[in-house]
file work-v2.pdb (PDB, C-alpha atoms and all ligand atoms)
ATOM      1  CA  MET K   1       0.000   0.000   0.000
ATOM      2  CA  GLY K   2       1.379   3.468  -0.920
ATOM      3  CA  PHE K   3       2.285   6.271   1.454
ATOM      4  CA  GLU K   4      -0.880   8.194   0.668
ATOM      5  CA  ARG K   5      -3.297   5.370   1.442
ATOM      6  CA  ALA K   6      -1.387   3.727   4.298
ATOM      7  CA  HIS K   7      -0.816   6.832   6.404
ATOM      8  CA  ARG K   8      -3.834   9.044   6.666
ATOM      9  CA  ASN K   9      -3.746  12.300   8.589
ATOM     10  CA  VAL K  10      -6.007  12.241  11.609
ATOM     11  CA  GLU K  11      -6.285  15.001  14.156
ATOM     12  CA  PRO K  12      -5.303  14.100  17.743
ATOM     13  CA  PRO K  13      -7.956  14.103  20.499
ATOM     14  CA  ARG K  14      -8.552  17.629  21.793
ATOM     15  CA  ASP K  15      -7.864  16.744  25.457
ATOM     16  CA  ILE K  16      -4.270  15.825  24.572
ATOM     17  CA  VAL K  17      -3.882  18.957  22.497
ATOM     18  CA  LEU K  18      -5.204  21.328  25.097
ATOM     19  CA  GLU K  19      -2.549  20.346  27.631
ATOM     20  CA  ARG K  20      -0.374  23.018  26.007
ATOM     21  CA  ALA K  21      -0.806  26.086  23.820
ATOM     22  CA  ALA K  22       0.293  26.310  20.195
ATOM     23  CA  SER K  23       3.880  27.544  19.893
ATOM     24  CA  ALA K  24       4.180  31.340  19.956
ATOM     25  CA  THR K  25       7.712  31.179  18.588
ATOM     26  CA  ALA K  26       6.446  29.275  15.529
ATOM     27  CA  LEU K  27       4.085  32.180  14.886
ATOM     28  CA  GLY K  28       6.946  34.623  15.426
ATOM     29  CA  ALA K  29       9.077  32.845  12.814
ATOM     30  CA  ALA K  30       6.213  32.951  10.288
ATOM     31  CA  ARG K  31       5.870  36.706  10.934
ATOM     32  CA  LEU K  32       9.550  37.166  10.146
ATOM     33  CA  ARG K  33       9.228  35.233   6.881
ATOM     34  CA  ALA K  34       6.222  37.372   5.965
ATOM     35  CA  ALA K  35       8.065  40.575   6.929
ATOM     36  CA  HIS K  36      11.001  39.543   4.744
ATOM     37  CA  LEU K  37       8.766  39.713   1.657
ATOM     38  CA  LEU K  38       7.143  42.957   2.751
ATOM     39  CA  ILE K  39      10.047  45.107   3.900
ATOM     40  CA  ASP K  40      13.345  43.649   2.658
ATOM     41  CA  ASP K  41      14.691  44.216  -0.838
ATOM     42  CA  PRO K  42      13.894  41.812  -3.661
ATOM     43  CA  PRO K  43      14.851  39.206  -4.610
ATOM     44  CA  PRO K  44      13.840  37.396  -1.425
ATOM     45  CA  ILE K  45      16.230  34.913   0.140
ATOM     46  CA  LEU K  46      13.173  32.768   0.905
ATOM     47  CA  ASP K  47      10.070  33.337  -1.192
ATOM     48  CA  ASP K  48       7.459  32.205   1.339
ATOM     49  CA  ALA K  49       4.300  33.917   0.148
ATOM     50  CA  LEU K  50       2.149  31.568   2.257
ATOM     51  CA  ALA K  51       3.587  32.799   5.575
ATOM     52  CA  LEU K  52       1.480  35.952   5.528
ATOM     53  CA  ARG K  53      -1.675  33.997   4.704
ATOM     54  CA  LEU K  54      -1.234  31.909   7.867
ATOM     55  CA  LEU K  55      -1.171  35.014  10.059
ATOM     56  CA  ASP K  56      -3.876  37.279  11.395
ATOM     57  CA  PRO K  57      -5.572  39.278   8.585
ATOM     58  CA  LYS K  58      -4.137  42.506  10.011
ATOM     59  CA  ALA K  59      -0.569  41.185  10.064
ATOM     60  CA  ALA K  60       0.561  42.829   6.825
ATOM     61  CA  ARG K  61      -0.570  46.244   8.038
ATOM     62  CA  ALA K  62       1.078  45.760  11.414
ATOM     63  CA  ILE K  63       4.365  44.775   9.742
ATOM     64  CA  GLN K  64       4.279  47.822   7.445
ATOM     65  CA  GLU K  65       3.339  50.191  10.275
ATOM     66  CA  HIS K  66       6.140  48.919  12.511
ATOM     67  CA  ALA K  67       8.727  48.565   9.757
ATOM     68  CA  ASP K  68      11.141  50.842  11.644
ATOM     69  CA  ARG K  69      11.221  48.464  14.600
ATOM     70  CA  LEU K  70      11.944  45.631  12.176
ATOM     71  CA  ARG K  71      14.942  47.456  10.758
ATOM     72  CA  THR K  72      17.039  47.556  13.929
ATOM     73  CA  PRO K  73      20.260  45.486  13.755
ATOM     74  CA  VAL K  74      18.806  42.914  16.178
ATOM     75  CA  SER K  75      15.617  42.520  14.130
ATOM     76  CA  ARG K  76      17.516  42.266  10.876
ATOM     77  CA  ALA K  77      19.769  39.574  12.319
ATOM     78  CA  LEU K  78      16.801  37.599  13.643
ATOM     79  CA  ARG K  79      14.953  37.832  10.325
ATOM     80  CA  CYS K  80      18.083  36.858   8.426
ATOM     81  CA  ASP K  81      18.515  33.811  10.663
ATOM     82  CA  VAL K  82      14.945  32.627  10.065
ATOM     83  CA  VAL K  83      14.884  33.060   6.292
ATOM     84  CA  VAL K  84      18.414  31.782   5.666
ATOM     85  CA  ARG K  85      17.987  28.570   7.668
ATOM     86  CA  SER K  86      14.869  27.643   5.651
ATOM     87  CA  ARG K  87      16.458  28.645   2.370
ATOM     88  CA  TYR K  88      19.548  26.594   3.199
ATOM     89  CA  VAL K  89      17.599  23.437   3.977
ATOM     90  CA  GLU K  90      15.497  23.841   0.844
ATOM     91  CA  ASP K  91      18.727  24.207  -1.187
ATOM     92  CA  ARG K  92      20.000  21.015   0.431
ATOM     93  CA  LEU K  93      16.705  19.285  -0.344
ATOM     94  CA  VAL K  94      17.124  20.021  -4.058
ATOM     95  CA  GLU K  95      20.532  18.299  -3.894
ATOM     96  CA  ALA K  96      19.190  15.432  -1.794
ATOM     97  CA  VAL K  97      16.403  14.732  -4.284
ATOM     98  CA  ARG K  98      18.975  14.769  -7.105
ATOM     99  CA  ARG K  99      20.912  12.014  -5.362
ATOM    100  CA  GLY K 100      17.764   9.965  -4.856
ATOM    101  CA  ILE K 101      16.402  10.926  -1.432
ATOM    102  CA  ARG K 102      12.625  10.671  -1.332
ATOM    103  CA  GLN K 103      11.837  11.388   2.341
ATOM    104  CA  TYR K 104      11.859  14.745   4.095
ATOM    105  CA  ALA K 105      11.031  15.091   7.796
ATOM    106  CA  ILE K 106      10.657  18.560   9.316
ATOM    107  CA  LEU K 107      11.118  18.384  13.092
ATOM    108  CA  GLY K 108       9.520  21.206  15.112
ATOM    109  CA  ALA K 109       7.944  22.308  11.816
ATOM    110  CA  GLY K 110       5.878  25.133  13.299
ATOM    111  CA  LEU K 111       4.383  27.147  10.419
ATOM    112  CA  ASP K 112       6.953  25.965   7.856
ATOM    113  CA  THR K 113       5.235  26.117   4.451
ATOM    114  CA  PHE K 114       7.510  24.049   2.218
ATOM    115  CA  ALA K 115       4.958  21.242   1.890
ATOM    116  CA  TYR K 116       2.198  23.636   0.769
ATOM    117  CA  ARG K 117       4.244  25.531  -1.825
ATOM    118  CA  GLN K 118       6.267  22.517  -2.940
ATOM    119  CA  PRO K 119       7.632  22.733  -6.474
ATOM    120  CA  GLY K 120       6.973  19.972  -9.010
ATOM    121  CA  TRP K 121      10.257  18.175  -8.260
ATOM    122  CA  ALA K 122       9.054  17.515  -4.697
ATOM    123  CA  GLY K 123       5.967  15.587  -5.785
ATOM    124  CA  ASP K 124       7.619  12.179  -5.185
ATOM    125  CA  LEU K 125       8.777  13.087  -1.677
ATOM    126  CA  ARG K 126       7.209  11.754   1.483
ATOM    127  CA  ILE K 127       7.062  14.798   3.726
ATOM    128  CA  ILE K 128       6.507  14.381   7.461
ATOM    129  CA  GLU K 129       5.978  17.352   9.751
ATOM    130  CA  VAL K 130       6.668  16.748  13.448
ATOM    131  CA  ASP K 131       5.548  19.089  16.203
ATOM    132  CA  HIS K 132       3.521  19.178  19.387
ATOM    133  CA  ALA K 133      -0.094  18.240  18.718
ATOM    134  CA  ALA K 134      -1.369  21.691  19.797
ATOM    135  CA  SER K 135       0.864  23.478  17.296
ATOM    136  CA  GLN K 136      -0.186  21.127  14.514
ATOM    137  CA  LEU K 137      -3.863  21.606  15.261
ATOM    138  CA  ASP K 138      -3.397  25.377  15.230
ATOM    139  CA  LYS K 139      -1.467  25.212  11.947
ATOM    140  CA  ARG K 140      -4.081  23.085  10.257
ATOM    141  CA  ALA K 141      -6.829  25.467  11.381
ATOM    142  CA  ARG K 142      -4.816  28.369   9.917
ATOM    143  CA  LEU K 143      -4.368  26.462   6.651
ATOM    144  CA  ARG K 144      -8.109  25.835   6.443
ATOM    145  CA  ARG K 145      -8.924  29.502   7.157
ATOM    146  CA  ALA K 146      -6.479  30.566   4.443
ATOM    147  CA  GLY K 147      -7.885  28.046   1.941
ATOM    148  CA  ILE K 148      -4.482  26.324   1.644
ATOM    149  CA  GLU K 149      -4.727  22.612   0.876
ATOM    150  CA  GLU K 150      -2.782  19.888   2.656
ATOM    151  CA  PRO K 151      -0.924  18.058  -0.127
ATOM    152  CA  PRO K 152      -1.339  14.269  -0.450
ATOM    153  CA  ASN K 153       2.383  13.610   0.151
ATOM    154  CA  LEU K 154       2.369  15.221   3.613
ATOM    155  CA  ARG K 155       1.827  13.500   6.962
ATOM    156  CA  TYR K 156       1.734  15.002  10.445
ATOM    157  CA  ALA K 157       3.423  13.207  13.341
ATOM    158  CA  ALA K 158       2.416  14.695  16.685
ATOM    159  CA  ALA K 159       5.367  14.173  19.017
ATOM    160  CA  ASP K 160       7.145  15.702  21.961
ATOM    161  CA  LEU K 161      10.869  15.636  21.178
ATOM    162  CA  GLU K 162      11.536  15.594  24.933
ATOM    163  CA  ALA K 163       9.524  12.527  25.721
ATOM    164  CA  ASP K 164       8.532  10.514  22.669
ATOM    165  CA  ASP K 165      10.321   7.879  20.639
ATOM    166  CA  LEU K 166      10.828   9.985  17.520
ATOM    167  CA  ARG K 167      11.957   7.149  15.284
ATOM    168  CA  ARG K 168       8.793   5.211  16.124
ATOM    169  CA  GLN K 169       6.612   8.275  15.470
ATOM    170  CA  LEU K 170       8.314   8.927  12.131
ATOM    171  CA  GLU K 171       7.895   5.318  11.070
ATOM    172  CA  ALA K 172       4.255   5.372  12.113
ATOM    173  CA  ALA K 173       3.837   8.418   9.859
ATOM    174  CA  GLY K 174       5.382   6.583   6.917
ATOM    175  CA  LEU K 175       9.168   6.978   7.165
ATOM    176  CA  ASP K 176      10.870   4.001   5.527
ATOM    177  CA  ALA K 177      13.882   3.541   7.801
ATOM    178  CA  THR K 178      15.646   1.354   5.242
ATOM    179  CA  GLN K 179      15.903   4.357   2.893
ATOM    180  CA  PRO K 180      17.785   7.635   3.418
ATOM    181  CA  ALA K 181      15.968  10.782   4.445
ATOM    182  CA  LEU K 182      16.671  14.475   4.891
ATOM    183  CA  LEU K 183      15.796  15.734   8.369
ATOM    184  CA  ALA K 184      15.422  19.437   9.114
ATOM    185  CA  CYS K 185      15.289  20.820  12.642
ATOM    186  CA  LEU K 186      15.309  24.618  12.427
ATOM    187  CA  GLY K 187      14.991  26.966  15.364
ATOM    188  CA  VAL K 188      14.242  24.055  17.680
ATOM    189  CA  LEU K 189      17.393  22.810  19.407
ATOM    190  CA  ILE K 190      17.613  25.830  21.697
ATOM    191  CA  TYR K 191      14.206  24.873  23.189
ATOM    192  CA  LEU K 192      15.239  21.295  23.981
ATOM    193  CA  SER K 193      17.020  19.911  27.017
ATOM    194  CA  ASP K 194      20.563  18.669  26.566
ATOM    195  CA  SER K 195      19.422  15.056  26.895
ATOM    196  CA  ALA K 196      16.664  15.470  24.278
ATOM    197  CA  ALA K 197      19.201  17.041  21.886
ATOM    198  CA  LYS K 198      21.506  14.069  22.429
ATOM    199  CA  ARG K 199      18.693  11.553  21.815
ATOM    200  CA  LEU K 200      17.801  13.436  18.647
ATOM    201  CA  PHE K 201      21.405  13.246  17.355
ATOM    202  CA  ASP K 202      21.547   9.537  18.214
ATOM    203  CA  MET K 203      18.264   8.825  16.441
ATOM    204  CA  ALA K 204      19.270  10.792  13.326
ATOM    205  CA  GLY K 205      22.728   9.168  13.240
ATOM    206  CA  ARG K 206      21.124   5.723  13.047
ATOM    207  CA  LEU K 207      19.060   6.497   9.949
ATOM    208  CA  ALA K 208      19.919   4.783   6.654
ATOM    209  CA  ALA K 209      23.297   5.599   5.081
ATOM    210  CA  GLY K 210      23.128   8.759   2.978
ATOM    211  CA  SER K 211      20.622  10.443   5.318
ATOM    212  CA  GLU K 212      21.262  14.119   5.996
ATOM    213  CA  PHE K 213      20.436  16.146   9.105
ATOM    214  CA  VAL K 214      20.289  19.945   8.869
ATOM    215  CA  PHE K 215      19.713  21.958  12.024
ATOM    216  CA  ASN K 216      20.806  25.174  13.639
ATOM    217  CA  PHE K 217      22.008  25.951  17.124
ATOM    218  CA  SER K 218      23.267  28.905  19.120
ATOM    219  CA  ARG K 219      26.688  29.253  20.654
ATOM    220  CA  PRO K 220      26.956  30.186  24.330
ATOM    221  CA  ASP K 221      27.091  33.882  25.228
ATOM    222  CA  ALA K 222      27.041  35.963  28.406
ATOM    223  CA  SER K 223      23.244  35.579  28.697
ATOM    224  CA  THR K 224      23.653  31.817  29.081
ATOM    225  CA  GLU K 225      24.918  32.178  32.636
ATOM    226  CA  GLY K 226      22.179  32.264  35.299
ATOM    227  CA  SER K 227      18.689  33.635  34.654
ATOM    228  CA  PRO K 228      18.207  35.920  31.640
ATOM    229  CA  PRO K 229      18.443  39.687  32.244
ATOM    230  CA  PRO K 230      15.020  41.423  32.403
ATOM    231  CA  GLY K 231      13.924  42.769  29.007
ATOM    232  CA  SER K 232      16.274  40.472  27.070
ATOM    233  CA  ALA K 233      15.046  38.233  24.248
ATOM    234  CA  ALA K 234      15.844  35.225  26.446
ATOM    235  CA  ALA K 235      13.619  36.636  29.221
ATOM    236  CA  ARG K 236      10.762  37.213  26.738
ATOM    237  CA  MET K 237      11.001  33.606  25.508
ATOM    238  CA  ALA K 238      10.906  32.344  29.094
ATOM    239  CA  ALA K 239       7.854  34.540  29.810
ATOM    240  CA  ILE K 240       5.878  33.025  26.908
ATOM    241  CA  GLY K 241       6.665  29.517  28.140
ATOM    242  CA  GLU K 242       9.326  28.632  25.521
ATOM    243  CA  PRO K 243      12.594  29.273  27.376
ATOM    244  CA  TRP K 244      15.952  28.941  25.665
ATOM    245  CA  ARG K 245      17.586  25.917  27.219
ATOM    246  CA  THR K 246      20.626  24.724  25.312
ATOM    247  CA  ARG K 247      23.554  26.346  23.571
ATOM    248  CA  PHE K 248      26.550  24.539  22.165
ATOM    249  CA  GLU K 249      30.024  25.182  20.870
ATOM    250  CA  PRO K 250      30.447  23.717  17.361
ATOM    251  CA  GLU K 251      33.213  21.382  18.636
ATOM    252  CA  THR K 252      30.768  19.796  21.088
ATOM    253  CA  VAL K 253      28.140  19.368  18.375
ATOM    254  CA  ALA K 254      30.717  17.869  15.997
ATOM    255  CA  SER K 255      31.914  15.300  18.519
ATOM    256  CA  ARG K 256      28.365  14.362  19.501
ATOM    257  CA  LEU K 257      27.348  13.939  15.863
ATOM    258  CA  LYS K 258      30.383  11.771  15.164
ATOM    259  CA  ALA K 259      29.610   9.664  18.225
ATOM    260  CA  ALA K 260      26.025   9.351  16.998
ATOM    261  CA  GLY K 261      27.207   7.801  13.716
ATOM    262  CA  PHE K 262      27.490  10.726  11.296
ATOM    263  CA  GLY K 263      30.358  10.442   8.805
ATOM    264  CA  SER K 264      30.607  14.081   7.754
ATOM    265  CA  VAL K 265      29.696  17.266   9.605
ATOM    266  CA  GLU K 266      29.814  20.778   8.167
ATOM    267  CA  PHE K 267      29.024  24.094   9.775
ATOM    268  CA  LEU K 268      27.816  27.269   8.114
ATOM    269  CA  SER K 269      29.141  30.252  10.042
ATOM    270  CA  ALA K 270      27.902  33.853   9.867
ATOM    271  CA  ASP K 271      30.668  34.563   7.335
ATOM    272  CA  ASP K 272      29.542  31.640   5.174
ATOM    273  CA  VAL K 273      25.936  32.890   5.297
ATOM    274  CA  THR K 274      27.059  36.387   4.310
ATOM    275  CA  GLU K 275      29.074  35.057   1.403
ATOM    276  CA  ARG K 276      26.398  32.676   0.188
ATOM    277  CA  TYR K 277      23.156  34.602   0.714
ATOM    278  CA  LEU K 278      23.820  38.262   1.504
ATOM    279  CA  ARG K 279      26.313  39.349  -1.151
ATOM    280  CA  GLY K 280      24.935  42.177  -3.280
ATOM    281  CA  ARG K 281      22.005  42.860  -0.962
ATOM    282  CA  HIS K 282      21.437  46.408   0.227
ATOM    283  CA  ASP K 283      18.653  45.870   2.773
ATOM    284  CA  GLY K 284      20.985  45.566   5.759
ATOM    285  CA  LEU K 285      20.202  41.931   6.639
ATOM    286  CA  ILE K 286      22.935  40.662   8.945
ATOM    287  CA  ALA K 287      23.962  37.069   9.634
ATOM    288  CA  PRO K 288      23.803  36.562  13.414
ATOM    289  CA  LYS K 289      27.261  35.817  14.826
ATOM    290  CA  ARG K 290      26.223  33.254  17.398
ATOM    291  CA  VAL K 291      23.955  31.086  15.266
ATOM    292  CA  VAL K 292      25.432  28.151  13.382
ATOM    293  CA  ILE K 293      23.788  25.916  10.780
ATOM    294  CA  ALA K 294      24.938  22.292  10.939
ATOM    295  CA  ASP K 295      24.722  19.875   8.021
ATOM    296  CA  ALA K 296      25.616  16.283   8.864
ATOM    297  CA  THR K 297      25.480  13.162   6.697
ATOM    298  CA  VAL K 298      25.233   9.550   7.861
TER     299      VAL K 298
HETATM  300  C1  LIG K 301      10.942  28.778  16.834
HETATM  301  S1  LIG K 301       9.769  27.598  16.278
HETATM  302  C2  LIG K 301      10.498  27.123  14.722
HETATM  303  C3  LIG K 301       9.477  26.570  13.792
HETATM  304  C4  LIG K 301      10.013  26.232  12.387
HETATM  305  N1  LIG K 301      11.010  25.191  12.431
HETATM  306  C5  LIG K 301      10.549  27.455  11.708
HETATM  307  O1  LIG K 301      11.733  27.499  11.339
HETATM  308  O2  LIG K 301       9.764  28.384  11.539
HETATM  309  C6  LIG K 301      10.107  26.180  17.331
HETATM  310  C7  LIG K 301       9.211  24.983  16.999
HETATM  311  O3  LIG K 301       9.703  23.840  17.720
HETATM  312  C8  LIG K 301       8.602  23.168  18.293
HETATM  313  N2  LIG K 301       9.084  22.468  19.493
HETATM  314  C9  LIG K 301       9.783  22.995  20.523
HETATM  315  N3  LIG K 301      10.004  22.050  21.469
HETATM  316  C10 LIG K 301       9.430  20.909  20.983
HETATM  317  C11 LIG K 301       9.308  19.594  21.488
HETATM  318  N4  LIG K 301       9.798  19.258  22.685
HETATM  319  N5  LIG K 301       8.655  18.680  20.741
HETATM  320  C12 LIG K 301       8.131  19.005  19.531
HETATM  321  N6  LIG K 301       8.209  20.241  19.000
HETATM  322  C13 LIG K 301       8.846  21.182  19.723
HETATM  323  C14 LIG K 301       7.628  24.276  18.643
HETATM  324  O4  LIG K 301       6.317  23.776  18.845
HETATM  325  C15 LIG K 301       7.767  25.176  17.418
HETATM  326  O5  LIG K 301       6.914  24.812  16.387
END
call {"tool": "encode", "arguments": {"input": "work-v2.pdb", "output": "structure tokens"}}
result
Amino acid sequence: MGFERAHRNVEPPRDIVLERAASATALGAARLRAAHLLIDDPPPILDDALALRLLDPKAARAIQEHADRLRTPVSRALRCDVVVRSRYVEDRLVEAVRRGIRQYAILGAGLDTFAYRQPGWAGDLRIIEVDHAASQLDKRARLRRAGIEEPPNLRYAAADLEADDLRRQLEAAGLDATQPALLACLGVLIYLSDSAAKRLFDMAGRLAAGSEFVFNFSRPDASTEGSPPPGSAAARMAAIGEPWRTRFEPETVASRLKAAGFGSVEFLSADDVTERYLRGRHDGLIAPKRVVIADATV
């Protein structure tokens, strides 16, 4: 039986869902992708025209009215981080499909829209979005309100990366563990505990040979010590119930990935991002210094 018939999307029971709220940071990331199209210079780094349609109807006006606040160095760096990480993984996906990969799992997918704006070459992919059930329910309600269809090659796996057996959840949603897959985990690691991050690396490192794992992480800084200073971004994340929990040095990530079974590990630094995606732009987008994109292959 094919992927489409064997793995139907069902919505989880509401009592499970209502144990937690939909992710506010997922909504924040979608706002940044929408703002990128509205206030940064063309051509876009990531052309995510669906992001705005998933937001509140007044979102476009709010973004335009507060454009000045979105043009501070901190805002530009944050927006650059969010659009570049998605663009990078979609670039990698093109390459992965060329070398025969047919499975794409998006961990902590939030309001990622790749599946809904997928180009023709993605039609043969099995796409699995993983997130907390509450965030998935919220996303699917937003899709319905916006009149955006769920494509037949997409499955949702409701899972808590802290507690659940991710491999089992992915397989239940249709992942064929005998075949390689591309896994994306963008803007998520910082919200996980150290032990959940380690389990995630171990799970990904045991996927079929040729599998690729793209994720980003933040390096430690002064705000990592003790509780976050009042008014800081870290304090705001804690206040909305999604505290930043883990930061890593690239050397630590590299040795953990190697121990987990990955053969090659590459990092994209701020300088690499600038060279690859920001050259020739005049809109002031800045690659954040402390964020690193990792690209590891089994
Ligand atoms: C900052 S958002 C990023 C969303 C998306 N990857 C993007 O780039 O826009 C973080 C996402 O990770 C999800 N997440 C955080 N902790 C999680 C966990 N323990 N299990 C499953 N999902 C989690 C949140 O629900 C949210 O959708």
call {"tool": "closest_atom_pairs", "arguments": {"input": "work-v2.pdb", "of": "chain K", "to": "ligand LIG 301 (chain K)", "cutoff": "6 Å", "atoms": "all atoms listed in the file", "output": "JSON lines"}}
result
{"residue": "K:Ser23", "atom": "CA", "partner": "K:LIG301", "partner_atom": "O4", "distance": 4.6}
{"residue": "K:Thr25", "atom": "CA", "partner": "K:LIG301", "partner_atom": "C1", "distance": 4.4}
{"residue": "K:Ala26", "atom": "CA", "partner": "K:LIG301", "partner_atom": "S1", "distance": 3.8}
{"residue": "K:Ala29", "atom": "CA", "partner": "K:LIG301", "partner_atom": "O2", "distance": 4.7}
{"residue": "K:Ala30", "atom": "CA", "partner": "K:LIG301", "partner_atom": "O2", "distance": 5.9}
{"residue": "K:Gly108", "atom": "CA", "partner": "K:LIG301", "partner_atom": "O3", "distance": 3.7}
{"residue": "K:Ala109", "atom": "CA", "partner": "K:LIG301", "partner_atom": "N1", "distance": 4.3}
{"residue": "K:Gly110", "atom": "CA", "partner": "K:LIG301", "partner_atom": "O5", "distance": 3.3}
{"residue": "K:Leu111", "atom": "CA", "partner": "K:LIG301", "partner_atom": "O2", "distance": 5.6}
{"residue": "K:Asp112", "atom": "CA", "partner": "K:LIG301", "partner_atom": "O2", "distance": 5.2}
{"residue": "K:Asp131", "atom": "CA", "partner": "K:LIG301", "partner_atom": "N6", "distance": 4.0}
{"residue": "K:His132", "atom": "CA", "partner": "K:LIG301", "partner_atom": "C12", "distance": 4.6}
{"residue": "K:Ser135", "atom": "CA", "partner": "K:LIG301", "partner_atom": "O4", "distance": 5.7}
{"residue": "K:Ala159", "atom": "CA", "partner": "K:LIG301", "partner_atom": "C12", "distance": 5.6}
{"residue": "K:Asp160", "atom": "CA", "partner": "K:LIG301", "partner_atom": "N5", "distance": 3.6}
{"residue": "K:Leu161", "atom": "CA", "partner": "K:LIG301", "partner_atom": "N5", "distance": 3.8}
{"residue": "K:Glu162", "atom": "CA", "partner": "K:LIG301", "partner_atom": "N4", "distance": 4.6}
{"residue": "K:Leu186", "atom": "CA", "partner": "K:LIG301", "partner_atom": "N1", "distance": 4.3}
{"residue": "K:Gly187", "atom": "CA", "partner": "K:LIG301", "partner_atom": "C2", "distance": 4.5}
{"residue": "K:Val188", "atom": "CA", "partner": "K:LIG301", "partner_atom": "O3", "distance": 4.5}
{"residue": "K:Tyr191", "atom": "CA", "partner": "K:LIG301", "partner_atom": "N3", "distance": 5.3}
{"residue": "K:Leu192", "atom": "CA", "partner": "K:LIG301", "partner_atom": "N3", "distance": 5.9}
call {"tool": "residues_around", "arguments": {"input": "work-v2.pdb", "residues": "K:Trp244", "least_positions_apart": "2", "cutoff": "8 Å", "atoms": "only C-alpha atoms", "output": "number ranges by chain"}}
result
K: 190-192, 234, 237-238, 242, 246
call {"tool": "closest_residue", "arguments": {"input": "work-v2.pdb", "among": "K:Ala158, K:Ala21, K:Gln136, K:Asp283", "to": "K:Leu38", "atoms": "all atoms listed in the file"}}
result
K:Asp283
call {"tool": "residues_around", "arguments": {"input": "work-v2.pdb", "residues": "stretch 47-63 of chain K", "least_positions_apart": "4", "cutoff": "6 Å", "atoms": "all atoms listed in the file", "output": "MDAnalysis selection string"}}
result
chainID K and resid 30 34 67 142 146
call {"tool": "atom_distance", "arguments": {"input": "work-v2.pdb", "atom1": "atom CA of K:Glu90", "atom2": "atom CA of K:Leu107"}}
result
14.1 Å
call {"tool": "closest_residue", "arguments": {"input": "work-v2.pdb", "among": "K:Cys80, K:Ile128, K:Ile106, K:Ala22", "to": "K:Asp40", "atoms": "only C-alpha atoms"}}
result
K:Cys80
call {"tool": "residues_around", "arguments": {"input": "work-v2.pdb", "residues": "K:Ile127", "least_positions_apart": "4", "cutoff": "9 Å", "atoms": "only C-alpha atoms", "output": "list in words"}}
result
Arg102, Gln103, Tyr104, Ala105, Ile106, Ala115, Asn153, Leu154, Arg155, Tyr156, Gly174 and Leu175 of chain K
call {"tool": "resolve_selection", "arguments": {"input": "work-v2.pdb", "expression": "the PyMOL selection byres (((chain K and resi 176) around 10) and not hetatm)", "output": "list in words"}}
result
Phe3, Arg102, Gln103, Arg126, Leu170, Glu171, Ala172, Ala173, Gly174, Leu175, Ala177, Thr178, Gln179, Pro180, Ala181, Leu207 and Ala208 of chain K
call {"tool": "resolve_selection", "arguments": {"input": "work-v2.pdb", "expression": "the PyMOL selection byres (((chain K and resi 86) around 9) and not hetatm)", "output": "list in words"}}
result
Leu46, Asp81, Val82, Val83, Val84, Arg85, Arg87, Tyr88, Val89, Glu90, Asp91, Asp112, Phe114, Ala184 and Leu186 of chain K
call {"tool": "residues_around", "arguments": {"input": "work-v2.pdb", "residues": "K:Glu249", "least_positions_apart": "6", "cutoff": "8 Å", "atoms": "only C-alpha atoms", "output": "number ranges by chain"}}
result
K: 218-220
call {"tool": "atom_distance", "arguments": {"input": "work-v2.pdb", "atom1": "atom CA of K:Trp121", "atom2": "atom CA of K:Val265"}}
result
26.4 Å
call {"tool": "axis_aligned_box", "arguments": {"input": "work-v2.pdb", "around": "stretch 58-75 of chain K", "padding_each_side": "6 Å", "output": "AutoDock Vina command-line options"}}
result
--center_x 8.1 --center_y 46.0 --center_z 11.5 --size_x 36.4 --size_y 21.7 --size_z 21.4
call {"tool": "build_atoms", "arguments": {"input": "work-v2.pdb", "residues": "stretch 238-247 of chain K", "atoms": "N, CA and C atoms", "output": "short mmCIF file (atom, residue, chain, number, x, y, z; two decimals), in the coordinates of the input"}}
result
data_model
loop_
_atom_site.label_atom_id
_atom_site.label_comp_id
_atom_site.auth_asym_id
_atom_site.auth_seq_id
_atom_site.Cartn_x
_atom_site.Cartn_y
_atom_site.Cartn_z
N ALA K 238 11.27 33.05 27.86
CA ALA K 238 10.91 32.34 29.09
C ALA K 238 9.50 32.75 29.52
N ALA K 239 9.16 34.05 29.36
CA ALA K 239 7.85 34.54 29.81
C ALA K 239 6.72 33.94 28.99
N ILE K 240 6.97 33.61 27.71
CA ILE K 240 5.88 33.02 26.91
C ILE K 240 5.88 31.49 27.00
N GLY K 241 6.70 30.96 27.90
CA GLY K 241 6.66 29.52 28.14
C GLY K 241 7.53 28.71 27.19
N GLU K 242 8.43 29.37 26.41
CA GLU K 242 9.33 28.63 25.52
C GLU K 242 10.76 29.10 25.80
N PRO K 243 11.26 28.77 27.01
CA PRO K 243 12.59 29.27 27.38
C PRO K 243 13.70 28.68 26.52
N TRP K 244 14.74 29.46 26.31
CA TRP K 244 15.95 28.94 25.66
C TRP K 244 16.67 28.06 26.68
N ARG K 245 17.03 26.87 26.25
CA ARG K 245 17.59 25.92 27.22
C ARG K 245 19.00 25.46 26.90
N THR K 246 19.30 25.30 25.61
CA THR K 246 20.63 24.72 25.31
C THR K 246 21.37 25.54 24.27
N ARG K 247 22.64 25.72 24.54
CA ARG K 247 23.55 26.35 23.57
C ARG K 247 24.78 25.45 23.51
#
